[in-house]
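Enquirer: Enclosed is the structure file start-v2.cif (mmCIF, C-alpha atoms).
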```
data_model
loop_
_atom_site.group_PDB
_atom_site.id
_atom_site.type_symbol
_atom_site.label_atom_id
_atom_site.label_comp_id
_atom_site.auth_asym_id
_atom_site.auth_seq_id
_atom_site.Cartn_x
_atom_site.Cartn_y
_atom_site.Cartn_z
ATOM 1 C CA MET A 29 -4.443 12.259 0.587
ATOM 2 C CA LYS A 30 -7.586 10.165 0.163
ATOM 3 C CA ALA A 31 -10.951 11.893 0.555
ATOM 4 C CA SER A 32 -11.872 9.645 3.492
ATOM 5 C CA LEU A 33 -8.813 10.857 5.417
ATOM 6 C CA ARG A 34 -9.494 14.513 4.638
ATOM 7 C CA LYS A 35 -13.087 13.987 5.737
ATOM 8 C CA ALA A 36 -11.764 12.672 9.053
ATOM 9 C CA GLY A 37 -10.002 16.010 9.526
ATOM 10 C CA LEU A 38 -6.465 14.862 8.729
ATOM 11 C CA LYS A 39 -3.911 17.284 7.333
ATOM 12 C CA GLU A 40 -0.338 17.034 6.058
ATOM 13 C CA ALA A 41 2.596 19.111 7.314
ATOM 14 C CA PHE A 42 6.375 19.190 7.790
ATOM 15 C CA PHE A 43 8.572 19.689 10.846
ATOM 16 C CA GLN A 44 12.254 20.631 10.692
ATOM 17 C CA THR A 45 14.321 19.012 13.430
ATOM 18 C CA GLY A 46 17.528 20.607 12.213
ATOM 19 C CA PRO A 47 19.223 17.820 10.264
ATOM 20 C CA VAL A 48 15.954 16.233 9.068
ATOM 21 C CA ARG A 49 12.674 17.491 7.623
ATOM 22 C CA LEU A 50 9.920 15.196 8.923
ATOM 23 C CA HIS A 51 6.704 14.730 6.983
ATOM 24 C CA TYR A 52 3.606 13.815 8.943
ATOM 25 C CA VAL A 53 -0.181 13.635 8.925
ATOM 26 C CA PHE A 54 -2.158 14.901 11.904
ATOM 27 C CA SER A 55 -5.571 15.796 13.266
ATOM 28 C CA GLU A 56 -6.600 18.822 15.305
ATOM 29 C CA SER A 57 -8.065 17.627 18.590
ATOM 30 C CA SER A 58 -8.081 18.084 22.350
ATOM 31 C CA HIS A 59 -7.947 14.291 22.775
ATOM 32 C CA PRO A 60 -4.706 12.712 24.052
ATOM 33 C CA PRO A 61 -1.985 12.612 21.375
ATOM 34 C CA LEU A 62 -1.116 9.323 19.686
ATOM 35 C CA LEU A 63 2.043 9.088 17.574
ATOM 36 C CA LEU A 64 2.301 6.346 14.943
ATOM 37 C CA PHE A 65 5.618 5.221 13.438
ATOM 38 C CA PRO A 66 5.415 2.926 10.377
ATOM 39 C CA GLY A 67 7.814 0.089 9.705
ATOM 40 C CA GLN A 68 10.717 -0.106 7.319
ATOM 41 C CA SER A 69 10.053 0.610 3.619
ATOM 42 C CA VAL A 70 6.489 1.953 4.069
ATOM 43 C CA SER A 71 5.177 5.448 4.704
ATOM 44 C CA TRP A 72 2.493 6.847 7.005
ATOM 45 C CA GLU A 73 -0.044 5.574 4.464
ATOM 46 C CA SER A 74 0.191 2.082 5.935
ATOM 47 C CA TYR A 75 -2.026 3.526 8.715
ATOM 48 C CA GLN A 76 -4.712 4.841 6.367
ATOM 49 C CA ARG A 77 -7.268 2.212 7.448
ATOM 50 C CA VAL A 78 -6.986 3.035 11.162
ATOM 51 C CA LEU A 79 -6.426 6.797 11.183
ATOM 52 C CA PRO A 80 -10.111 7.837 10.798
ATOM 53 C CA GLY A 81 -11.152 5.544 13.664
ATOM 54 C CA LEU A 82 -8.252 6.548 15.916
ATOM 55 C CA ALA A 83 -8.848 10.246 15.208
ATOM 56 C CA LYS A 84 -12.199 9.954 17.019
ATOM 57 C CA HIS A 85 -10.337 9.222 20.261
ATOM 58 C CA PHE A 86 -6.872 10.783 19.845
ATOM 59 C CA GLN A 87 -5.040 13.649 18.277
ATOM 60 C CA VAL A 88 -3.146 11.482 15.801
ATOM 61 C CA PHE A 89 0.294 12.104 14.327
ATOM 62 C CA ALA A 90 1.413 9.558 11.704
ATOM 63 C CA LEU A 91 4.982 10.195 10.584
ATOM 64 C CA ASP A 92 7.231 9.252 7.696
ATOM 65 C CA VAL A 93 10.442 7.912 9.225
ATOM 66 C CA HIS A 94 13.837 9.101 7.945
ATOM 67 C CA GLY A 95 14.389 8.059 4.322
ATOM 68 C CA HIS A 96 10.711 7.183 3.812
ATOM 69 C CA GLY A 97 7.816 8.912 2.064
ATOM 70 C CA GLN A 98 8.315 12.664 2.004
ATOM 71 C CA THR A 99 10.698 12.843 4.966
ATOM 72 C CA SER A 100 14.192 13.894 3.923
ATOM 73 C CA TRP A 101 17.052 11.484 3.290
ATOM 74 C CA ASN A 102 20.063 11.693 5.590
ATOM 75 C CA PRO A 103 21.972 8.372 5.737
ATOM 76 C CA GLU A 104 24.184 9.667 8.538
ATOM 77 C CA ARG A 105 21.123 9.515 10.804
ATOM 78 C CA TYR A 106 19.878 6.037 9.877
ATOM 79 C CA ASP A 107 20.351 4.611 13.362
ATOM 80 C CA PHE A 108 17.864 4.394 16.208
ATOM 81 C CA ASN A 109 19.626 6.840 18.489
ATOM 82 C CA SER A 110 19.673 9.570 15.820
ATOM 83 C CA ILE A 111 16.116 8.844 14.691
ATOM 84 C CA GLY A 112 14.977 8.811 18.309
ATOM 85 C CA GLN A 113 16.559 12.205 18.966
ATOM 86 C CA ASP A 114 14.757 13.722 15.967
ATOM 87 C CA MET A 115 11.429 12.168 16.966
ATOM 88 C CA ALA A 116 11.943 13.424 20.535
ATOM 89 C CA ALA A 117 12.307 16.955 19.167
ATOM 90 C CA PHE A 118 9.049 16.469 17.254
ATOM 91 C CA LEU A 119 7.293 15.210 20.387
ATOM 92 C CA ARG A 120 8.478 18.084 22.561
ATOM 93 C CA GLU A 121 8.286 20.960 20.102
ATOM 94 C CA ARG A 122 5.420 20.009 17.766
ATOM 95 C CA VAL A 123 3.117 17.810 19.850
ATOM 96 C CA GLY A 124 3.916 19.725 23.022
ATOM 97 C CA ARG A 125 2.269 17.385 25.537
ATOM 98 C CA PRO A 126 2.708 13.802 26.747
ATOM 99 C CA ALA A 127 1.512 11.240 24.228
ATOM 100 C CA PHE A 128 0.787 7.580 23.626
ATOM 101 C CA LEU A 129 3.122 5.936 21.121
ATOM 102 C CA THR A 130 2.741 3.038 18.748
ATOM 103 C CA GLY A 131 4.963 1.793 15.966
ATOM 104 C CA ASN A 132 5.114 -1.184 13.650
ATOM 105 C CA SER A 133 8.286 -3.242 13.211
ATOM 106 C CA SER A 134 11.288 -0.864 13.296
ATOM 107 C CA GLY A 135 8.770 1.878 14.104
ATOM 108 C CA GLY A 136 8.038 -0.042 17.300
ATOM 109 C CA LEU A 137 11.705 0.210 18.241
ATOM 110 C CA ILE A 138 11.512 3.987 17.714
ATOM 111 C CA ALA A 139 8.508 4.140 20.048
ATOM 112 C CA LEU A 140 10.354 2.116 22.687
ATOM 113 C CA TRP A 141 13.455 4.319 22.358
ATOM 114 C CA LEU A 142 11.309 7.396 23.015
ATOM 115 C CA ALA A 143 9.618 5.768 26.006
ATOM 116 C CA ALA A 144 13.038 5.003 27.488
ATOM 117 C CA HIS A 145 14.720 8.356 26.789
ATOM 118 C CA GLU A 146 11.780 10.773 27.117
ATOM 119 C CA PRO A 147 9.828 9.356 30.097
ATOM 120 C CA ASP A 148 8.102 12.654 30.937
ATOM 121 C CA TRP A 149 6.622 12.833 27.438
ATOM 122 C CA VAL A 150 5.263 9.292 27.052
ATOM 123 C CA LEU A 151 1.988 8.079 28.628
ATOM 124 C CA GLY A 152 2.161 4.527 27.334
ATOM 125 C CA VAL A 153 3.701 2.611 24.441
ATOM 126 C CA ILE A 154 2.217 -0.029 22.107
ATOM 127 C CA PRO A 155 4.971 -1.604 19.979
ATOM 128 C CA GLU A 156 3.362 -3.563 17.137
ATOM 129 C CA ASP A 157 5.435 -6.624 16.258
ATOM 130 C CA PRO A 158 8.810 -4.931 16.863
ATOM 131 C CA PRO A 159 12.049 -6.855 16.160
ATOM 132 C CA LEU A 160 13.137 -6.698 19.802
ATOM 133 C CA PHE A 161 16.464 -8.546 20.159
ATOM 134 C CA SER A 162 16.163 -9.999 16.644
ATOM 135 C CA ALA A 163 17.319 -6.702 15.056
ATOM 136 C CA GLU A 164 20.465 -6.634 17.183
ATOM 137 C CA TRP A 165 23.778 -7.341 15.482
ATOM 138 C CA PRO A 166 24.903 -9.945 14.474
ATOM 139 C CA ARG A 167 21.741 -11.976 15.120
ATOM 140 C CA LEU A 168 19.870 -10.084 12.402
ATOM 141 C CA ARG A 169 22.459 -11.143 9.840
ATOM 142 C CA ASP A 170 22.913 -14.691 11.062
ATOM 143 C CA SER A 171 19.452 -16.034 11.833
ATOM 144 C CA CYS A 172 16.611 -13.811 10.531
ATOM 145 C CA PHE A 173 14.800 -14.144 7.200
ATOM 146 C CA VAL A 174 14.185 -10.405 6.932
ATOM 147 C CA TYR A 175 17.908 -9.841 6.355
ATOM 148 C CA SER A 176 17.465 -11.324 2.855
ATOM 149 C CA ILE A 177 14.712 -8.772 2.176
ATOM 150 C CA PHE A 178 17.076 -5.954 3.139
ATOM 151 C CA GLU A 179 19.633 -7.437 0.731
ATOM 152 C CA ARG A 180 17.053 -7.418 -2.073
ATOM 153 C CA CYS A 181 16.177 -3.794 -1.318
ATOM 154 C CA HIS A 182 19.828 -2.824 -1.540
ATOM 155 C CA HIS A 183 20.422 -4.830 -4.721
ATOM 156 C CA TYR A 184 17.352 -3.840 -6.757
ATOM 157 C CA LEU A 185 16.716 -0.321 -5.474
ATOM 158 C CA LYS A 186 20.215 1.115 -4.930
ATOM 159 C CA ASP A 187 20.048 2.974 -8.268
ATOM 160 C CA THR A 188 17.339 5.349 -7.096
ATOM 161 C CA GLN A 189 16.994 6.870 -10.566
ATOM 162 C CA ASN A 190 16.179 3.462 -12.072
ATOM 163 C CA ARG A 191 14.686 1.317 -9.330
ATOM 164 C CA ASP A 192 14.140 -2.253 -10.490
ATOM 165 C CA LEU A 193 10.872 -2.847 -8.659
ATOM 166 C CA ALA A 194 9.896 -5.537 -11.154
ATOM 167 C CA GLY A 195 13.127 -7.415 -10.452
ATOM 168 C CA PHE A 196 12.599 -7.111 -6.713
ATOM 169 C CA PHE A 197 9.242 -8.893 -6.874
ATOM 170 C CA ALA A 198 9.895 -11.258 -9.803
ATOM 171 C CA GLY A 199 12.086 -13.679 -7.856
ATOM 172 C CA LEU A 200 10.855 -12.958 -4.348
ATOM 173 C CA GLU A 201 10.592 -16.089 -2.194
ATOM 174 C CA VAL A 202 8.890 -16.286 1.194
ATOM 175 C CA PRO A 203 9.348 -19.194 3.649
ATOM 176 C CA VAL A 204 6.229 -21.109 4.621
ATOM 177 C CA GLN A 205 5.710 -22.756 7.984
ATOM 178 C CA GLY A 206 6.040 -26.522 7.745
ATOM 179 C CA ARG A 207 7.581 -26.452 4.257
ATOM 180 C CA ILE A 208 11.223 -26.502 3.184
ATOM 181 C CA THR A 209 10.452 -25.039 -0.239
ATOM 182 C CA PRO A 210 9.705 -21.287 -0.096
ATOM 183 C CA LEU A 211 6.601 -19.779 -1.613
ATOM 184 C CA LYS A 212 6.718 -17.580 -4.703
ATOM 185 C CA LEU A 213 4.038 -15.261 -6.003
ATOM 186 C CA PRO A 214 1.497 -17.171 -8.112
ATOM 187 C CA PRO A 215 2.679 -17.009 -11.755
ATOM 188 C CA ALA A 216 -0.370 -15.078 -12.950
ATOM 189 C CA LEU A 217 -0.086 -12.496 -10.145
ATOM 190 C CA SER A 218 3.691 -12.259 -10.606
ATOM 191 C CA PHE A 219 3.337 -11.689 -14.357
ATOM 192 C CA MET A 220 0.595 -9.096 -13.861
ATOM 193 C CA LEU A 221 2.541 -7.293 -11.124
ATOM 194 C CA VAL A 222 5.822 -7.204 -13.064
ATOM 195 C CA LYS A 223 4.143 -5.887 -16.203
ATOM 196 C CA MET A 224 2.173 -3.323 -14.219
ATOM 197 C CA LEU A 225 5.310 -2.085 -12.451
ATOM 198 C CA GLN A 226 7.225 -1.811 -15.721
ATOM 199 C CA PHE A 227 4.357 0.130 -17.290
ATOM 200 C CA LEU A 228 3.880 2.508 -14.365
ATOM 201 C CA GLN A 229 7.601 3.199 -13.971
ATOM 202 C CA ALA A 230 7.940 3.935 -17.686
ATOM 203 C CA ARG A 231 4.890 6.215 -17.634
ATOM 204 C CA HIS A 232 5.779 7.984 -14.350
ATOM 205 C CA PRO A 233 9.580 7.889 -14.044
ATOM 206 C CA HIS A 234 11.082 8.933 -10.694
ATOM 207 C CA GLN A 235 7.632 9.168 -9.082
ATOM 208 C CA ALA A 236 5.874 7.213 -6.357
ATOM 209 C CA ILE A 237 4.155 4.164 -7.842
ATOM 210 C CA GLU A 238 0.521 3.525 -6.952
ATOM 211 C CA LEU A 239 -0.855 0.132 -7.933
ATOM 212 C CA PRO A 240 -4.505 -0.146 -9.017
ATOM 213 C CA ALA A 241 -7.011 -0.909 -6.280
ATOM 214 C CA PHE A 242 -7.515 -4.545 -7.373
ATOM 215 C CA PHE A 243 -4.081 -5.463 -5.973
ATOM 216 C CA PRO A 244 -3.979 -6.453 -2.261
ATOM 217 C CA ALA A 245 -3.724 -3.481 0.110
ATOM 218 C CA THR A 246 -0.482 -4.730 1.677
ATOM 219 C CA LEU A 247 1.124 -4.974 -1.763
ATOM 220 C CA GLN A 248 -0.104 -1.494 -2.711
ATOM 221 C CA VAL A 249 1.424 0.045 0.414
ATOM 222 C CA PHE A 250 4.662 -1.929 0.041
ATOM 223 C CA VAL A 251 5.149 -1.006 -3.630
ATOM 224 C CA LYS A 252 4.490 2.682 -3.095
ATOM 225 C CA GLY A 253 6.787 2.702 -0.078
ATOM 226 C CA LEU A 254 9.633 1.039 -1.996
ATOM 227 C CA SER A 255 9.219 3.445 -4.915
ATOM 228 C CA GLU A 256 9.996 6.480 -2.722
ATOM 229 C CA TYR A 257 12.312 4.862 -0.175
ATOM 230 C CA ASP A 258 16.016 5.456 0.401
ATOM 231 C CA PRO A 259 17.681 2.021 0.054
ATOM 232 C CA ALA A 260 20.520 3.302 2.245
ATOM 233 C CA PHE A 261 18.111 2.767 5.147
ATOM 234 C CA SER A 262 18.199 -0.985 4.412
ATOM 235 C CA ALA A 263 21.970 -0.810 4.051
ATOM 236 C CA ALA A 264 22.180 0.539 7.604
ATOM 237 C CA PHE A 265 20.654 -2.743 8.801
ATOM 238 C CA LEU A 266 22.870 -4.847 6.525
ATOM 239 C CA GLU A 267 25.977 -3.286 8.020
ATOM 240 C CA GLY A 268 24.859 -3.195 11.655
ATOM 241 C CA GLN A 269 24.741 0.605 11.777
ATOM 242 C CA ALA A 270 21.033 0.855 12.616
ATOM 243 C CA CYS A 271 21.257 -0.698 16.098
ATOM 244 C CA ARG A 272 24.670 0.718 16.918
ATOM 245 C CA ASN A 273 24.825 1.608 20.633
ATOM 246 C CA PHE A 274 21.178 0.578 21.007
ATOM 247 C CA ASP A 275 20.957 -2.258 23.515
ATOM 248 C CA HIS A 276 17.392 -3.550 23.585
ATOM 249 C CA ALA A 277 17.447 -4.973 27.118
ATOM 250 C CA GLN A 278 18.880 -1.757 28.557
ATOM 251 C CA THR A 279 16.317 0.307 26.674
ATOM 252 C CA LEU A 280 13.436 -1.785 28.009
ATOM 253 C CA ALA A 281 14.791 -1.505 31.557
ATOM 254 C CA GLN A 282 14.713 2.313 31.321
ATOM 255 C CA ILE A 283 11.021 2.527 30.356
ATOM 256 C CA GLN A 284 8.777 3.980 33.075
ATOM 257 C CA CYS A 285 5.337 3.811 31.415
ATOM 258 C CA PRO A 286 3.029 0.814 30.797
ATOM 259 C CA VAL A 287 3.693 -1.303 27.698
ATOM 260 C CA LEU A 288 1.357 -3.335 25.484
ATOM 261 C CA LEU A 289 3.230 -5.640 23.114
ATOM 262 C CA LEU A 290 1.296 -6.689 19.998
ATOM 263 C CA HIS A 291 2.839 -9.835 18.536
ATOM 264 C CA ALA A 292 2.099 -11.099 15.019
ATOM 265 C CA HIS A 293 2.488 -14.626 13.679
ATOM 266 C CA TRP A 294 6.022 -16.058 13.579
ATOM 267 C CA PHE A 295 7.854 -19.355 13.123
ATOM 268 C CA GLU A 296 11.375 -20.747 12.915
ATOM 269 C CA HIS A 297 12.438 -22.133 9.546
ATOM 270 C CA PRO A 298 15.320 -24.656 9.342
ATOM 271 C CA GLN A 299 16.965 -22.761 6.475
ATOM 272 C CA TRP A 300 15.854 -19.136 6.886
ATOM 273 C CA GLY A 301 15.785 -18.830 10.677
ATOM 274 C CA LEU A 302 13.244 -16.565 12.330
ATOM 275 C CA VAL A 303 10.381 -15.667 10.001
ATOM 276 C CA GLY A 304 8.680 -12.846 11.835
ATOM 277 C CA ALA A 305 9.793 -10.158 14.257
ATOM 278 C CA MET A 306 10.041 -11.984 17.594
ATOM 279 C CA ASN A 307 9.972 -15.551 18.846
ATOM 280 C CA ALA A 308 8.717 -16.811 22.212
ATOM 281 C CA GLU A 309 12.143 -16.376 23.829
ATOM 282 C CA ASP A 310 12.244 -12.734 22.704
ATOM 283 C CA VAL A 311 8.858 -12.123 24.299
ATOM 284 C CA GLN A 312 10.090 -13.671 27.548
ATOM 285 C CA ARG A 313 13.247 -11.545 27.495
ATOM 286 C CA THR A 314 11.078 -8.475 26.967
ATOM 287 C CA ARG A 315 8.904 -9.396 29.929
ATOM 288 C CA GLN A 316 11.947 -9.911 32.135
ATOM 289 C CA ALA A 317 13.685 -6.678 31.087
ATOM 290 C CA LEU A 318 10.692 -4.411 31.704
ATOM 291 C CA LYS A 319 10.139 -3.018 35.198
ATOM 292 C CA VAL A 320 6.688 -1.572 34.431
ATOM 293 C CA PRO A 321 3.172 -2.975 33.909
ATOM 294 C CA PHE A 322 3.355 -5.192 30.839
ATOM 295 C CA GLN A 323 0.543 -6.546 28.688
ATOM 296 C CA TYR A 324 0.955 -9.006 25.840
ATOM 297 C CA LEU A 325 -1.442 -9.685 22.988
ATOM 298 C CA ALA A 326 -0.768 -12.371 20.382
ATOM 299 C CA MET A 327 -2.527 -10.988 17.303
ATOM 300 C CA GLN A 328 -1.926 -14.055 15.081
ATOM 301 C CA THR A 329 -2.003 -11.749 12.067
ATOM 302 C CA GLU A 330 0.390 -10.605 9.381
ATOM 303 C CA HIS A 331 3.213 -8.263 10.331
ATOM 304 C CA MET A 332 1.176 -5.077 9.731
ATOM 305 C CA SER A 333 -1.916 -5.924 11.757
ATOM 306 C CA HIS A 334 -3.028 -2.278 11.594
ATOM 307 C CA LEU A 335 -3.412 -2.709 7.822
ATOM 308 C CA THR A 336 -4.772 -6.264 7.621
ATOM 309 C CA ARG A 337 -6.905 -6.246 10.801
ATOM 310 C CA PRO A 338 -7.653 -2.551 11.387
ATOM 311 C CA GLN A 339 -10.577 -3.003 13.785
ATOM 312 C CA GLU A 340 -8.646 -5.431 16.002
ATOM 313 C CA PHE A 341 -5.744 -2.995 16.089
ATOM 314 C CA ILE A 342 -7.965 -0.038 17.036
ATOM 315 C CA ARG A 343 -9.686 -2.107 19.720
ATOM 316 C CA ALA A 344 -6.345 -3.114 21.240
ATOM 317 C CA ILE A 345 -5.171 0.515 21.333
ATOM 318 C CA LEU A 346 -8.404 1.727 22.924
ATOM 319 C CA ASN A 347 -8.541 -1.041 25.537
ATOM 320 C CA PHE A 348 -4.991 -0.278 26.631
ATOM 321 C CA THR A 349 -5.203 3.510 26.701
ATOM 322 C CA ARG A 350 -8.629 3.649 28.386
ATOM 323 C CA ARG A 351 -7.317 1.625 31.333
ATOM 324 C CA LEU A 352 -4.507 4.145 31.747
ATOM 325 C CA GLU A 353 -6.834 7.141 31.513
#
```
As a first step, turn the structure in this file into structure tokens.

Expert:
Amino acid sequence: MKASLRKAGLKEAFFQTGPVRLHYVFSESSHPPLLLFPGQSVSWESYQRVLPGLAKHFQVFALDVHGHGQTSWNPERYDFNSIGQDMAAFLRERVGRPAFLTGNSSGGLIALWLAAHEPDWVLGVIPEDPPLFSAEWPRLRDSCFVYSIFERCHHYLKDTQNRDLAGFFAGLEVPVQGRITPLKLPPALSFMLVKMLQFLQARHPHQAIELPAFFPATLQVFVKGLSEYDPAFSAAFLEGQACRNFDHAQTLAQIQCPVLLLHAHWFEHPQWGLVGAMNAEDVQRTRQALKVPFQYLAMQTEHMSHLTRPQEFIRAILNFTRRLE
């Protein structure tokens, strides 16, 4: 753990739910609890820029989701109902008091599942750019760009003893709004990244890969996450297992606490479909399904706003929770 996080009073620990051993980072505090669930393929470390600031106002718990970071791998539980049950056990038995919840991407769906199924334990929920409705099957497969990223994860990382991280990034293409041709990494950055990954993997085989600090923070977090990630988690989304028996509209209708939806930038691409987590129709469906006070904030940021715009993210969390208190 970085010195700045230790200085903020954060510690690491494990919690055994029964079938899964959860790894998490936490602070000791009498402030209201705040649980943070990172998105797919990254660990709790994606929250490193906001944890010191949030720890001044909350008792924070940032978790590694199943198959991520140092949390155990158990592919039989790579669906939201199973993950939710394990996180509910953590909330009841480890946190031990009602908490605020936030989660990025698929972590936002975990937070919403908990709000729906554990109403007595949730004070308010802040899903950060969750794939509400877009992660449901078969829409995810048929009309969402992120499905191709899951396919790359499965293809290049499935041999966990010899992950081809360099291959994953070498041909990676990202759609750009207003352009038919996708964007690739700049040749110089791509060459440098591929060579760096090959060097680090050869020097530290079967270990988490940490890029030097001169690489962008998002790339650092993504690379380290992929280097210690169970690709079977991506396979669960490719096959429709992840959202099995997890109806998003029904889940939203069950929630009894206030909700603040943070929505990052998105667009529809003629070839790749939805680039982003939610479109305007998904936001409207969310608003209609909820029967509780609902706030909406268009962040106009990248997918992980907590990493790229940490102060805006902290401010949004504080504004929402202070009104409730």

Enquirer: Under the PyMOL selection byres ((chain A and resi 292-302) around 10), which residues of this model are included? Write them out as number ranges by chain.

Expert: A: 156-158, 162, 168, 170-176, 202-210, 289-291, 303-308, 325-333

Enquirer: Expand the PyMOL selection byres ((chain A and resi 90-101) around 7) into the explicit residue set it covers here, and present it as number ranges by chain.

Expert: A: 48-54, 63-65, 69-72, 88-89, 102-103, 253, 256-258, 261

Enquirer: Would you mind telling me which residue in A:Ile237, A:Pro338, A:Arg350, A:Ala317 lies nearest to A:Asp275 when using all atoms listed in the file?

Expert: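 Ranked by minimum distance to A:Asp275, first place goes to A:Ala317.
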
Enquirer: Just say which residues the PyMOL selection byres ((chain A and resi 149) around 7) picks in this file, as a list in words.

Expert: Arg125, Pro126, Ala127, Glu146, Pro147, Asp148, Val150 and Leu151 of chain A

Enquirer: Give me, as an mmCIF file with C-alpha atoms, keeping the file's coordinate frame, all polymer residues having an atom no more than 10 Å from A:Lys30, counting all atoms listed in the file and skipping those fewer than 6 positions away in the same chain.

Expert:
```
data_model
loop_
_atom_site.group_PDB
_atom_site.id
_atom_site.type_symbol
_atom_site.label_atom_id
_atom_site.label_comp_id
_atom_site.auth_asym_id
_atom_site.auth_seq_id
_atom_site.Cartn_x
_atom_site.Cartn_y
_atom_site.Cartn_z
ATOM 1 C CA LEU A 38 -6.465 14.862 8.729
ATOM 2 C CA GLU A 73 -0.044 5.574 4.464
ATOM 3 C CA GLN A 76 -4.712 4.841 6.367
#
```

Enquirer: Excluding stretch 225-230 of chain A and any residue of its chain fewer than 2 positions from it, enumerate the residues within 9 Å of it, using all atoms listed in the file, and give them as a PDB file with C-alpha atoms, in the frame of the given file.

Expert:
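Contents of out-v9.pdb, freshly written:
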```
ATOM      1  CA  ASN A 190      16.179   3.462 -12.072  1.00  0.00           C
ATOM      2  CA  ARG A 191      14.686   1.317  -9.330  1.00  0.00           C
ATOM      3  CA  ASP A 192      14.140  -2.253 -10.490  1.00  0.00           C
ATOM      4  CA  LEU A 193      10.872  -2.847  -8.659  1.00  0.00           C
ATOM      5  CA  ALA A 194       9.896  -5.537 -11.154  1.00  0.00           C
ATOM      6  CA  MET A 220       0.595  -9.096 -13.861  1.00  0.00           C
ATOM      7  CA  LEU A 221       2.541  -7.293 -11.124  1.00  0.00           C
ATOM      8  CA  VAL A 222       5.822  -7.204 -13.064  1.00  0.00           C
ATOM      9  CA  LYS A 223       4.143  -5.887 -16.203  1.00  0.00           C
ATOM     10  CA  HIS A 232       5.779   7.984 -14.350  1.00  0.00           C
ATOM     11  CA  PRO A 233       9.580   7.889 -14.044  1.00  0.00           C
ATOM     12  CA  HIS A 234      11.082   8.933 -10.694  1.00  0.00           C
ATOM     13  CA  GLN A 235       7.632   9.168  -9.082  1.00  0.00           C
ATOM     14  CA  ALA A 236       5.874   7.213  -6.357  1.00  0.00           C
ATOM     15  CA  ILE A 237       4.155   4.164  -7.842  1.00  0.00           C
ATOM     16  CA  GLU A 238       0.521   3.525  -6.952  1.00  0.00           C
ATOM     17  CA  LEU A 239      -0.855   0.132  -7.933  1.00  0.00           C
ATOM     18  CA  VAL A 251       5.149  -1.006  -3.630  1.00  0.00           C
TER      19      VAL A 251
END
```

Enquirer: Using atom CA of A:Phe341 and atom CA of A:Val320 as the two end points, give the distance in Å to one decimal.

Expert: 22.2 Å

Enquirer: If I take atom CA of A:Ala198 and atom CA of A:Pro215, how far is one from the other in Å, to one decimal?

Expert: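 One can read the atom CA of A:Ala198 to atom CA of A:Pro215 distance as 9.4 Å.
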
Enquirer: Can you tell me how far atom CA of A:Cys181 sits from atom CA of A:Gly112, in Å to one decimal?

Expert: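 Atom CA of A:Cys181 sits 23.4 Å away from atom CA of A:Gly112.
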
Enquirer: Go through A:Ala277, A:Ala83, A:Val78, A:Ala41 and flag the residue nearest A:Leu137, using only C-alpha atoms for the distances.

Expert: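 Among A:Ala277, A:Ala83, A:Val78, A:Ala41, it is A:Ala277 that comes nearest to A:Leu137.
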
Enquirer: Counting all atoms listed in the file, which of A:Phe265, A:Phe196, A:Phe86, A:Phe243 gets nearest to A:Arg167?

Expert: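 Closest to A:Arg167 of all the choices is A:Phe265.
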
Enquirer: Quick one: of A:Thr336, A:Thr45, A:Gln312, A:Glu201, who's nearest to A:Arg122, counting only C-alpha atoms?

Expert: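 Closest to A:Arg122, using only C-alpha atoms: A:Thr45.
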
Enquirer: For a quick check of understanding, using all atoms listed in the file, which of A:Ala31, A:Ala117, A:Ile345, A:Leu335 has the smallest distance to A:Val249?

Expert: A:Leu335
